[in-house]
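structure.pdb, holding PDB, C-alpha atoms:
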```
MODEL        1
ATOM      1  CA  MET V 187     123.855  95.826 106.961
ATOM      2  CA  GLN V 188     120.169  95.019 107.292
ATOM      3  CA  HIS V 189     118.627  92.687 104.719
ATOM      4  CA  TYR V 190     115.087  93.524 103.626
ATOM      5  CA  VAL V 191     112.490  91.354 101.885
ATOM      6  CA  THR V 192     109.788  93.637 100.501
ATOM      7  CA  PRO V 193     107.070  90.931 100.248
ATOM      8  CA  ASP V 194     107.523  90.197 103.969
ATOM      9  CA  LEU V 195     107.443  93.921 104.802
ATOM     10  CA  CYS V 196     104.242  94.304 102.744
ATOM     11  CA  ASP V 197     102.604  91.300 104.447
ATOM     12  CA  ALA V 198     103.503  92.583 107.920
ATOM     13  CA  ASN V 199     102.535  96.230 107.254
ATOM     14  CA  PRO V 200      99.656  96.271 104.718
ATOM     15  CA  ASP V 201      98.193  99.529 106.049
ATOM     16  CA  LEU V 202     101.509 101.403 105.955
ATOM     17  CA  VAL V 203     103.225 100.551 102.679
ATOM     18  CA  GLN V 204     102.794 101.915  99.185
ATOM     19  CA  VAL V 205     104.310  99.900  96.345
ATOM     20  CA  LEU V 206     105.955 101.519  93.339
ATOM     21  CA  GLU V 207     104.794 100.471  89.886
ATOM     22  CA  PRO V 208     107.170  97.723  88.667
ATOM     23  CA  MET V 209     109.571  99.589  86.406
ATOM     24  CA  PHE V 210     112.815  99.546  88.390
ATOM     25  CA  SER V 211     115.769  97.182  88.137
ATOM     26  CA  ASN V 212     118.543  96.525  90.614
ATOM     27  CA  PHE V 213     121.940  97.819  89.441
ATOM     28  CA  GLY V 214     123.802  98.097  92.761
ATOM     29  CA  GLY V 215     126.070  95.856  94.783
ATOM     30  CA  ARG V 216     123.431  95.422  97.505
ATOM     31  CA  ASP V 217     120.442  93.270  96.603
ATOM     32  CA  SER V 218     118.326  94.987  99.273
ATOM     33  CA  PHE V 219     118.457  98.313 101.053
ATOM     34  CA  GLY V 220     116.304 100.707 103.024
ATOM     35  CA  GLY V 221     116.384 103.905 104.992
ATOM     36  CA  GLN V 222     115.155 107.428 105.504
ATOM     37  CA  ILE V 223     114.281 109.330 102.344
ATOM     38  CA  VAL V 224     116.298 112.291 101.064
ATOM     39  CA  THR V 225     114.829 113.585  97.794
ATOM     40  CA  ILE V 226     116.234 115.328  94.742
ATOM     41  CA  LYS V 227     114.179 116.576  91.812
ATOM     42  CA  CYS V 228     116.333 117.164  88.743
ATOM     43  CA  PHE V 229     116.144 116.685  84.994
ATOM     44  CA  GLU V 230     119.193 115.552  83.015
ATOM     45  CA  ASP V 231     121.499 117.293  85.531
ATOM     46  CA  ASN V 232     123.055 115.265  88.354
ATOM     47  CA  SER V 233     124.820 118.140  90.158
ATOM     48  CA  LEU V 234     122.727 117.652  93.314
ATOM     49  CA  VAL V 235     123.150 113.860  93.202
ATOM     50  CA  LYS V 236     126.922 114.349  93.243
ATOM     51  CA  ALA V 237     126.699 116.935  96.044
ATOM     52  CA  GLN V 238     124.532 114.679  98.250
ATOM     53  CA  ALA V 239     126.786 111.649  97.661
ATOM     54  CA  GLU V 240     129.611 113.702  99.233
ATOM     55  CA  LEU V 241     127.644 113.939 102.517
ATOM     56  CA  ASP V 242     127.122 111.404 105.313
ATOM     57  CA  GLY V 243     124.299 109.116 104.190
ATOM     58  CA  ARG V 244     124.210 106.539 106.986
ATOM     59  CA  GLY V 245     120.666 105.230 107.379
ATOM     60  CA  LYS V 246     119.484 107.202 104.342
ATOM     61  CA  VAL V 247     118.350 106.527 100.782
ATOM     62  CA  LEU V 248     118.635 109.129  98.035
ATOM     63  CA  VAL V 249     115.418 109.224  95.993
ATOM     64  CA  VAL V 250     116.052 110.997  92.688
ATOM     65  CA  ASP V 251     113.145 112.155  90.536
ATOM     66  CA  GLY V 252     114.861 112.456  87.176
ATOM     67  CA  GLY V 253     111.569 112.864  85.360
ATOM     68  CA  GLY V 254     111.911 109.349  83.935
ATOM     69  CA  SER V 255     114.397 110.610  81.342
ATOM     70  CA  LEU V 256     115.941 107.866  79.224
ATOM     71  CA  ARG V 257     118.362 110.271  77.488
ATOM     72  CA  CYS V 258     121.304 110.263  79.932
ATOM     73  CA  ALA V 259     122.505 108.724  83.205
ATOM     74  CA  LEU V 260     122.026 110.438  86.582
ATOM     75  CA  LEU V 261     124.436 108.063  88.370
ATOM     76  CA  GLY V 262     127.740 106.515  87.386
ATOM     77  CA  ASP V 263     130.593 104.656  89.059
ATOM     78  CA  MET V 264     132.331 107.677  90.632
ATOM     79  CA  ILE V 265     129.247 109.118  92.348
ATOM     80  CA  ALA V 266     128.142 105.624  93.431
ATOM     81  CA  ALA V 267     131.595 104.962  94.939
ATOM     82  CA  LYS V 268     131.388 108.267  96.845
ATOM     83  CA  ALA V 269     127.879 107.401  98.097
ATOM     84  CA  ALA V 270     129.109 103.980  99.281
ATOM     85  CA  GLN V 271     132.143 105.553 100.961
ATOM     86  CA  ASN V 272     129.868 107.980 102.827
ATOM     87  CA  GLY V 273     127.525 105.244 104.073
ATOM     88  CA  TRP V 274     124.452 105.805 101.887
ATOM     89  CA  GLU V 275     122.180 102.750 102.001
ATOM     90  CA  GLY V 276     121.078 103.183  98.410
ATOM     91  CA  LEU V 277     119.630 105.297  95.626
ATOM     92  CA  VAL V 278     116.282 105.023  93.855
ATOM     93  CA  ILE V 279     116.586 106.801  90.512
ATOM     94  CA  TYR V 280     113.618 107.613  88.299
ATOM     95  CA  GLY V 281     116.000 107.788  85.384
ATOM     96  CA  CYS V 282     119.096 105.993  84.107
ATOM     97  CA  VAL V 283     122.483 104.888  85.413
ATOM     98  CA  ARG V 284     125.738 103.997  83.688
ATOM     99  CA  ASP V 285     128.935 102.044  84.429
ATOM    100  CA  VAL V 286     126.675  99.137  85.388
ATOM    101  CA  ASP V 287     129.489  96.559  85.527
ATOM    102  CA  VAL V 288     131.135  98.666  88.250
ATOM    103  CA  LEU V 289     127.882  99.603  90.030
ATOM    104  CA  VAL V 290     127.090  95.932  90.684
ATOM    105  CA  GLN V 291     130.429  95.676  92.532
ATOM    106  CA  THR V 292     129.860  98.835  94.610
ATOM    107  CA  ASN V 293     128.552  98.481  98.186
ATOM    108  CA  VAL V 294     125.439 100.593  97.703
ATOM    109  CA  GLY V 295     121.921  99.762  96.587
ATOM    110  CA  VAL V 296     120.827 101.174  93.229
ATOM    111  CA  GLN V 297     117.366 100.884  91.694
ATOM    112  CA  ALA V 298     116.849 102.663  88.369
ATOM    113  CA  LEU V 299     114.886 102.449  85.133
ATOM    114  CA  ALA V 300     117.655 101.502  82.699
ATOM    115  CA  ALA V 301     121.290 101.837  81.723
ATOM    116  CA  HIS V 302     122.466 104.641  79.434
ATOM    117  CA  PRO V 303     126.089 105.443  78.514
ATOM    118  CA  LEU V 304     125.744 109.251  78.249
ATOM    119  CA  LYS V 305     126.476 111.484  81.255
ATOM    120  CA  THR V 306     124.388 114.528  82.208
ATOM    121  CA  ASP V 307     125.256 118.180  81.906
ATOM    122  CA  LYS V 308     126.158 119.740  85.261
ATOM    123  CA  ARG V 309     124.370 123.074  85.424
ATOM    124  CA  GLY V 310     123.666 123.081  89.176
ATOM    125  CA  LEU V 311     119.926 122.725  88.592
ATOM    126  CA  GLY V 312     117.532 120.807  90.830
ATOM    127  CA  ASP V 313     115.666 120.855  94.118
ATOM    128  CA  LEU V 314     116.669 119.151  97.370
ATOM    129  CA  ASN V 315     114.247 117.643  99.912
ATOM    130  CA  VAL V 316     111.018 118.458  98.083
ATOM    131  CA  VAL V 317     108.047 116.104  97.849
ATOM    132  CA  VAL V 318     108.296 114.087  94.604
ATOM    133  CA  THR V 319     105.879 111.677  92.941
ATOM    134  CA  PHE V 320     106.662 108.960  90.414
ATOM    135  CA  ALA V 321     105.764 105.314  89.787
ATOM    136  CA  GLY V 322     102.393 105.935  91.453
ATOM    137  CA  VAL V 323     103.889 106.843  94.847
ATOM    138  CA  THR V 324     104.644 110.117  96.640
ATOM    139  CA  PHE V 325     108.011 110.371  98.426
ATOM    140  CA  ARG V 326     108.276 112.728 101.385
ATOM    141  CA  PRO V 327     111.665 113.606 102.874
ATOM    142  CA  GLY V 328     112.037 111.926 106.255
ATOM    143  CA  GLU V 329     109.761 108.986 105.414
ATOM    144  CA  TYR V 330     111.205 105.553 104.534
ATOM    145  CA  VAL V 331     111.890 103.521 101.419
ATOM    146  CA  TYR V 332     112.859  99.843 101.083
ATOM    147  CA  ALA V 333     113.969  97.979  97.971
ATOM    148  CA  ASP V 334     114.973  94.503  96.864
ATOM    149  CA  ASN V 335     114.729  92.410  93.711
ATOM    150  CA  ASN V 336     110.938  92.169  94.237
ATOM    151  CA  GLY V 337     110.336  95.905  94.085
ATOM    152  CA  VAL V 338     110.398  99.212  95.936
ATOM    153  CA  ILE V 339     108.057 100.251  98.768
ATOM    154  CA  VAL V 340     107.519 103.416 100.808
ATOM    155  CA  SER V 341     106.341 103.789 104.418
ATOM    156  CA  PRO V 342     105.666 106.860 106.576
ATOM    157  CA  GLN V 343     107.582 105.183 109.431
ATOM    158  CA  PRO V 344     110.521 102.784 109.754
ATOM    159  CA  LEU V 345     109.704  99.103 109.207
ATOM    160  CA  GLN V 346     111.255  96.077 110.876
ATOM    161  CA  MET V 347     111.621  92.718 109.193
ATOM    162  CA  PRO V 348     109.153  90.273 110.787
ATOM    163  CA  GLU V 349     110.604  87.472 112.912
TER     164      GLU V 349
ENDMDL
END
```
Translate this structure into structure tokens?
Amino acid sequence: MQHYVTPDLCDANPDLVQVLEPMFSNFGGRDSFGGQIVTIKCFEDNSLVKAQAELDGRGKVLVVDGGGSLRCALLGDMIAAKAAQNGWEGLVIYGCVRDVDVLVQTNVGVQALAAHPLKTDKRGLGDLNVVVTFAGVTFRPGEYVYADNNGVIVSPQPLQMPE
């Protein structure tokens, strides 16, 4: 498992990286993660998050544009456990998570806005692998995202930690 330090990545790649506005907190069992972007756009419905967590996620990060909703959680312990089991590097959620005491023990990175105890409705609504924009940054499927306790950054190409 690769360890990333976003300040070092920013220093080494100033012309490549975009930095998200500082609104995310680390809720996952990995303090850093990175990989190729897979996007979901959904609002208070985590059906697609659950479906993607069931797939092989090795080398990938699920970027979920939940519209910044603070009214329910788009990720909980069961979906996070499935994502970890299927090799996802992490999830960046523009929305809330729940079961935070379990998430921190799960081997997957999770960056989200806040914790919220209420689950979503599952109506099967949402879009997969569309361009999404939040926190001042545009996420394109196939590009790369890296996160640690310093923040979250995006790059059009994979980044290597400097020596």
- Message: Could you list, as an NGL selection string, every residue within 12 Å of region 266-272 of chain V, counting only C-alpha atoms and ignoring same-chain residues fewer than 5 positions away?
- Response: :V and (213-216 or 235-248 or 260-261 or 277-279 or 283-286 or 288-297)
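Note that the spacing between CA of Asp263 (chain V) and CA of Gln222 (chain V) amounts to 22.7 Å.
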- Message: Report, in Å with one decimal, the straight-line distance from CA of Ala198 (chain V) to CA of Asn336 (chain V).
- Response: 15.6 Å
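Those residues returned by the PyMOL selection byres ((chain V and resi 300) around 9) for this file are Phe210, Ser211, Phe213, Leu256, Ala259, Gly281, Cys282, Val283, Arg284, Ala298, Leu299, Ala301 and His302 of chain V.
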- Shell around Gln188 (chain V) at 10 Å using only C-alpha atoms, local window under 5 positions removed, as a count of residues only: 7
- Skip region 223-234 of chain V itself and residues of its chain fewer than 2 positions away, then list as a ChimeraX atom specification all residues within 8 Å of it, counting all atoms listed in the file. /V:221,236-238,246-253,255,257-261,306-318,325-331
Return as JSON the box centre and box size in Å, one decimal, for an axis-aligned box around all listed atoms of region 278-295 of chain V padded by 6 Å per side.
```
{"center_x": 122.4, "center_y": 101.7, "center_z": 90.9, "size_x": 29.5, "size_y": 24.1, "size_z": 26.5}
```
